[in-house]
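Okay, upload-v6.cif is below, mmCIF, C-alpha atoms; chains and numbers go by the auth columns:
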data_final
#
loop_
_atom_site.group_PDB
_atom_site.id
_atom_site.type_symbol
_atom_site.label_atom_id
_atom_site.label_comp_id
_atom_site.label_asym_id
_atom_site.label_seq_id
_atom_site.Cartn_x
_atom_site.Cartn_y
_atom_site.Cartn_z
_atom_site.B_iso_or_equiv
_atom_site.auth_seq_id
_atom_site.auth_asym_id
ATOM 1 C CA MET A 1 0.471 21.290 -40.858 0.00 1 A
ATOM 2 C CA ALA A 2 0.633 17.703 -39.639 0.00 2 A
ATOM 3 C CA THR A 3 1.324 16.986 -35.991 0.00 3 A
ATOM 4 C CA THR A 4 3.860 14.418 -34.939 0.00 4 A
ATOM 5 C CA ALA A 5 3.116 12.152 -32.012 0.00 5 A
ATOM 6 C CA ARG A 6 5.723 12.141 -29.284 0.00 6 A
ATOM 7 C CA PRO A 7 7.244 8.666 -28.984 0.00 7 A
ATOM 8 C CA ASP A 8 7.104 8.695 -25.159 0.00 8 A
ATOM 9 C CA LYS A 9 3.509 9.879 -24.873 0.00 9 A
ATOM 10 C CA GLY A 10 1.344 7.205 -23.338 0.00 10 A
ATOM 11 C CA ASN A 11 4.225 5.164 -21.968 0.00 11 A
ATOM 12 C CA ASP A 12 4.261 4.532 -18.273 0.00 12 A
ATOM 13 C CA ILE A 13 6.850 6.091 -16.009 0.00 13 A
ATOM 14 C CA LEU A 14 8.785 2.853 -15.561 0.00 14 A
ATOM 15 C CA THR A 15 9.374 2.739 -19.304 0.00 15 A
ATOM 16 C CA TYR A 16 10.962 6.184 -18.958 0.00 16 A
ATOM 17 C CA ARG A 17 13.015 5.040 -15.967 0.00 17 A
ATOM 18 C CA ASP A 18 14.349 1.973 -17.727 0.00 18 A
ATOM 19 C CA GLY A 19 14.836 3.556 -21.129 0.00 19 A
ATOM 20 C CA LYS A 20 15.931 7.132 -20.427 0.00 20 A
ATOM 21 C CA LEU A 21 17.902 6.989 -17.186 0.00 21 A
ATOM 22 C CA ASN A 22 21.312 5.535 -17.876 0.00 22 A
ATOM 23 C CA ALA A 23 23.000 5.548 -14.472 0.00 23 A
ATOM 24 C CA ASP A 24 21.995 3.404 -11.506 0.00 24 A
ATOM 25 C CA TRP A 25 22.093 6.419 -9.193 0.00 25 A
ATOM 26 C CA GLN A 26 19.540 8.192 -11.431 0.00 26 A
ATOM 27 C CA LYS A 27 17.216 5.194 -11.254 0.00 27 A
ATOM 28 C CA GLU A 28 17.636 5.104 -7.474 0.00 28 A
ATOM 29 C CA ARG A 29 16.654 8.785 -7.206 0.00 29 A
ATOM 30 C CA PHE A 30 13.678 8.167 -9.494 0.00 30 A
ATOM 31 C CA ASP A 31 12.564 5.221 -7.343 0.00 31 A
ATOM 32 C CA LEU A 32 12.903 7.334 -4.201 0.00 32 A
ATOM 33 C CA VAL A 33 10.812 10.176 -5.635 0.00 33 A
ATOM 34 C CA ASN A 34 8.169 7.852 -7.055 0.00 34 A
ATOM 35 C CA GLY A 35 8.015 5.872 -3.814 0.00 35 A
ATOM 36 C CA LEU A 36 7.586 8.969 -1.649 0.00 36 A
ATOM 37 C CA ILE A 37 4.846 10.361 -3.892 0.00 37 A
ATOM 38 C CA THR A 38 2.867 7.123 -4.116 0.00 38 A
ATOM 39 C CA ALA A 39 3.274 6.343 -0.401 0.00 39 A
ATOM 40 C CA ALA A 40 1.971 9.764 0.601 0.00 40 A
ATOM 41 C CA TYR A 41 -0.738 9.977 -2.085 0.00 41 A
ATOM 42 C CA PRO A 42 -1.663 6.590 -3.569 0.00 42 A
ATOM 43 C CA THR A 43 -4.357 8.134 -5.781 0.00 43 A
ATOM 44 C CA VAL A 44 -1.908 10.394 -7.623 0.00 44 A
ATOM 45 C CA LYS A 45 -1.755 9.615 -11.336 0.00 45 A
ATOM 46 C CA ALA A 46 1.645 9.181 -12.974 0.00 46 A
ATOM 47 C CA SER A 47 2.195 9.266 -16.720 0.00 47 A
ATOM 48 C CA ILE A 48 4.499 10.587 -19.411 0.00 48 A
ATOM 49 C CA LYS A 49 3.671 14.174 -20.380 0.00 49 A
ATOM 50 C CA TRP A 50 5.953 16.683 -22.019 0.00 50 A
ATOM 51 C CA ALA A 51 8.407 13.770 -22.590 0.00 51 A
ATOM 52 C CA GLN A 52 8.945 13.186 -18.853 0.00 52 A
ATOM 53 C CA PRO A 53 7.252 11.495 -15.893 0.00 53 A
ATOM 54 C CA VAL A 54 4.578 13.743 -14.406 0.00 54 A
ATOM 55 C CA TRP A 55 2.569 13.122 -11.260 0.00 55 A
ATOM 56 C CA GLU A 56 -0.789 14.843 -11.030 0.00 56 A
ATOM 57 C CA THR A 57 -3.865 15.119 -8.903 0.00 57 A
ATOM 58 C CA ALA A 58 -7.386 15.611 -10.209 0.00 58 A
ATOM 59 C CA GLU A 59 -6.522 19.335 -10.162 0.00 59 A
ATOM 60 C CA GLY A 60 -3.630 18.989 -12.602 0.00 60 A
ATOM 61 C CA PRO A 61 0.122 18.329 -12.736 0.00 61 A
ATOM 62 C CA MET A 62 2.247 18.948 -9.669 0.00 62 A
ATOM 63 C CA ILE A 63 5.637 17.196 -9.989 0.00 63 A
ATOM 64 C CA PHE A 64 7.903 16.160 -12.849 0.00 64 A
ATOM 65 C CA PHE A 65 11.150 14.202 -13.069 0.00 65 A
ATOM 66 C CA ARG A 66 13.756 14.660 -15.761 0.00 66 A
ATOM 67 C CA GLY A 67 17.096 12.954 -16.249 0.00 67 A
ATOM 68 C CA ALA A 68 20.195 14.669 -17.625 0.00 68 A
ATOM 69 C CA SER A 69 23.720 13.381 -18.083 0.00 69 A
ATOM 70 C CA LYS A 70 25.093 14.651 -14.751 0.00 70 A
ATOM 71 C CA HIS A 71 21.986 15.278 -12.658 0.00 71 A
ATOM 72 C CA VAL A 72 18.270 14.670 -12.322 0.00 72 A
ATOM 73 C CA THR A 73 15.647 17.333 -11.850 0.00 73 A
ATOM 74 C CA VAL A 74 12.577 17.065 -9.642 0.00 74 A
ATOM 75 C CA GLY A 75 10.317 19.958 -10.541 0.00 75 A
ATOM 76 C CA PHE A 76 7.243 21.441 -8.899 0.00 76 A
ATOM 77 C CA TRP A 77 4.656 23.420 -10.866 0.00 77 A
ATOM 78 C CA ARG A 78 3.884 25.684 -7.912 0.00 78 A
ATOM 79 C CA GLY A 79 7.354 25.523 -6.360 0.00 79 A
ATOM 80 C CA ALA A 80 7.694 29.315 -6.231 0.00 80 A
ATOM 81 C CA GLU A 81 4.909 29.289 -3.629 0.00 81 A
ATOM 82 C CA PHE A 82 6.503 26.625 -1.398 0.00 82 A
ATOM 83 C CA GLN A 83 7.869 27.155 2.056 0.00 83 A
ATOM 84 C CA ASP A 84 11.570 26.387 1.511 0.00 84 A
ATOM 85 C CA PRO A 85 13.441 27.534 4.627 0.00 85 A
ATOM 86 C CA ASP A 86 16.696 25.859 3.536 0.00 86 A
ATOM 87 C CA GLY A 87 16.627 27.473 0.086 0.00 87 A
ATOM 88 C CA LEU A 88 16.926 24.141 -1.733 0.00 88 A
ATOM 89 C CA LEU A 89 14.673 24.942 -4.665 0.00 89 A
ATOM 90 C CA GLU A 90 16.144 26.517 -7.798 0.00 90 A
ATOM 91 C CA GLY A 91 14.553 28.492 -10.595 0.00 91 A
ATOM 92 C CA GLU A 92 13.915 32.064 -11.593 0.00 92 A
ATOM 93 C CA GLY A 93 10.322 31.729 -12.777 0.00 93 A
ATOM 94 C CA ASP A 94 7.254 33.040 -11.019 0.00 94 A
ATOM 95 C CA ARG A 95 5.697 29.561 -10.754 0.00 95 A
ATOM 96 C CA MET A 96 7.965 26.555 -11.175 0.00 96 A
ATOM 97 C CA LYS A 97 10.945 25.631 -9.022 0.00 97 A
ATOM 98 C CA HIS A 98 13.032 22.485 -8.977 0.00 98 A
ATOM 99 C CA LEU A 99 15.612 20.433 -7.160 0.00 99 A
ATOM 100 C CA LYS A 100 18.695 19.596 -9.183 0.00 100 A
ATOM 101 C CA ILE A 101 20.178 16.398 -7.764 0.00 101 A
ATOM 102 C CA LYS A 102 23.650 15.161 -8.674 0.00 102 A
ATOM 103 C CA GLU A 103 25.099 11.727 -8.021 0.00 103 A
ATOM 104 C CA LYS A 104 26.948 12.803 -4.874 0.00 104 A
ATOM 105 C CA ASP A 105 23.934 14.622 -3.417 0.00 105 A
ATOM 106 C CA GLU A 106 21.993 13.056 -0.591 0.00 106 A
ATOM 107 C CA VAL A 107 18.236 13.445 -0.725 0.00 107 A
ATOM 108 C CA ASN A 108 16.404 14.059 2.537 0.00 108 A
ATOM 109 C CA PRO A 109 13.114 12.114 2.281 0.00 109 A
ATOM 110 C CA GLU A 110 11.442 14.298 4.925 0.00 110 A
ATOM 111 C CA ILE A 111 12.162 17.502 3.021 0.00 111 A
ATOM 112 C CA LEU A 112 11.086 15.959 -0.280 0.00 112 A
ATOM 113 C CA THR A 113 7.883 14.650 1.316 0.00 113 A
ATOM 114 C CA GLY A 114 7.206 18.174 2.609 0.00 114 A
ATOM 115 C CA PHE A 115 7.526 19.549 -0.921 0.00 115 A
ATOM 116 C CA ILE A 116 5.192 16.797 -2.207 0.00 116 A
ATOM 117 C CA GLN A 117 2.615 17.687 0.458 0.00 117 A
ATOM 118 C CA GLN A 118 2.816 21.363 -0.470 0.00 118 A
ATOM 119 C CA ALA A 119 2.325 20.509 -4.147 0.00 119 A
ATOM 120 C CA VAL A 120 -0.830 18.497 -3.422 0.00 120 A
ATOM 121 C CA THR A 121 -2.209 21.137 -1.059 0.00 121 A
ATOM 122 C CA LEU A 122 -1.641 24.021 -3.483 0.00 122 A
ATOM 123 C CA ASN A 123 -3.251 22.105 -6.352 0.00 123 A
ATOM 124 C CA ALA A 124 -6.271 21.393 -4.146 0.00 124 A
ATOM 125 C CA GLN A 125 -6.520 25.060 -3.152 0.00 125 A
ATOM 126 C CA LYS A 126 -5.778 26.694 -6.497 0.00 126 A
ATOM 127 C CA GLY A 127 -6.643 24.194 -9.196 0.00 127 A
ATOM 128 C CA ASP A 128 -4.706 23.256 -12.298 0.00 128 A
ATOM 129 C CA PRO A 129 -1.410 25.186 -12.463 0.00 129 A
ATOM 130 C CA THR A 130 -1.323 24.903 -16.263 0.00 130 A
ATOM 131 C CA LYS A 131 -4.582 26.875 -16.556 0.00 131 A
ATOM 132 C CA GLY A 132 -3.076 30.169 -15.387 0.00 132 A
ATOM 133 C CA LYS A 133 -4.752 30.293 -11.996 0.00 133 A
#

How would this structure read if it were set down as structure tokens?
Amino acid sequence: MATTARPDKGNDILTYRDGKLNADWQKERFDLVNGLITAAYPTVKASIKWAQPVWETAEGPMIFFRGASKHVTVGFWRGAEFQDPDGLLEGEGDRMKHLKIKEKDEVNPEILTGFIQQAVTLNAQKGDPTKGK
């Protein structure tokens, strides 16, 4: 059985931003998320994986961003382990949780930075979350 290459694979995250996010508010949220991640952790690698922007440390993926018609999703591989006192994260899984952000929603950079820090810390402590650890 032949495999088909994904058309987005290998593109950089700005190609995704400019080609997949249709609304200005979605691009603004993307820029905010990307800016917070790269400001806090300049060595984090960003690329297209699983047809979406993914930020990862040497220990594996930690954050993804996905656009939809009425919202954007910022997901965390180990989000189920995060401290989330305000109950902002959604998801029923035993590992991943996400923020679903709509156009009218304000994003608190301090809270998002806290989630980013937790993602990096948990990857450093536990290794690659895609390896079942």

Target residues per the PyMOL selection byres ((chain A and resi 64) around 6), formatted as a tab-separated table (two decimals) with C-alpha atoms, keeping the file's coordinate frame:
chain	number	residue	atom	x	y	z
A	53	PRO	CA	7.25	11.50	-15.89
A	54	VAL	CA	4.58	13.74	-14.41
A	63	ILE	CA	5.64	17.20	-9.99
A	65	PHE	CA	11.15	14.20	-13.07
A	74	VAL	CA	12.58	17.07	-9.64
A	75	GLY	CA	10.32	19.96	-10.54

Inset, instruction - Between A:Leu14, A:Ala40, A:Leu32, A:Ala23, single out the one closest to Ile116 (chain A), counting all atoms listed in the file. - result: A:Ala40

Inset, instruction - Evaluate the PyMOL selection byres ((chain A and resi 88) around 10) on the structure here and hand back the selected residues as a list in words. - result: Asp84, Pro85, Asp86, Gly87, Leu89, Glu90, Lys97, His98, Leu99, Lys100 and Ile111 of chain A

Output C-alpha atoms for every residue in the selection just made, as a CSV table (one decimal), in the coordinates of the input.
chain,number,residue,atom,x,y,z
A,84,ASP,CA,11.6,26.4,1.5
A,85,PRO,CA,13.4,27.5,4.6
A,86,ASP,CA,16.7,25.9,3.5
A,87,GLY,CA,16.6,27.5,0.1
A,89,LEU,CA,14.7,24.9,-4.7
A,90,GLU,CA,16.1,26.5,-7.8
A,97,LYS,CA,10.9,25.6,-9.0
A,98,HIS,CA,13.0,22.5,-9.0
A,99,LEU,CA,15.6,20.4,-7.2
A,100,LYS,CA,18.7,19.6,-9.2
A,111,ILE,CA,12.2,17.5,3.0

Legend entry - Within 10 Å of Asp94 (chain A) using only C-alpha atoms, minus same-chain residues under 4 positions, as a list of chain:residue names: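 Once the adjacent positions are removed, what remains is A:Trp77, A:Arg78, A:Gly79, A:Ala80, A:Glu81.
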
Inset, instruction - Work out how far CA of Pro129 (chain A) is from CA of Pro61 (chain A), in Å to one decimal. - result: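 Straight-line distance from CA of Pro61 (chain A) to CA of Pro129 (chain A) works out to 7.0 Å.
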
Inset, instruction - Give me the residues within 8 Å of Asn123 (chain A) as a list in words, counting all atoms listed in the file and dropping any in the same chain fewer than 3 places off. - result: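 Skipping anything fewer than 3 positions along the chain leaves Thr57, Glu59, Gly60, Met62, Ala119, Val120, Lys126, Gly127, Asp128 and Pro129 of chain A.
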
Inset, instruction - Select, from A:Thr38, A:Ser69, A:Ser47, A:Thr121, the residue with the minimum atom-to-atom distance to Thr15 (chain A), counting all atoms listed in the file. - result: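 Of A:Thr38, A:Ser69, A:Ser47, A:Thr121, the one nearest Thr15 (chain A) is A:Ser47, counting all atoms listed in the file.
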
Inset, instruction - For CA of His71 (chain A) and CA of Gln26 (chain A), determine how far apart the two atoms are, in Å to one decimal place. - result: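 That distance, rounded to one decimal, is 7.6 Å.
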
Legend entry - Selected residue of minimal separation from Lys104 (chain A) among A:Gln83, A:Ile37, A:Trp25, A:Ile13, counting all atoms listed in the file: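 For Lys104 (chain A), the nearest of the given residues is A:Trp25.
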
Legend entry - Selected residue, from A:Phe82, A:Phe30, A:Phe115, A:Tyr16, that lies nearest to Ile48 (chain A) when counting only C-alpha atoms: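 Checking each candidate against Ile48 (chain A), we get A:Tyr16 as the closest.
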
Legend entry - Separation of CA of Gly67 (chain A) from CA of Asp24 (chain A) in Å: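 According to the coordinates, CA of Asp24 (chain A) and CA of Gly67 (chain A) are separated by 11.7 Å.
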
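Nearest to Asn22 (chain A) of all the residues A:Lys49, A:Gly91, A:Val107, A:Val72 is A:Val72, counting only C-alpha atoms.
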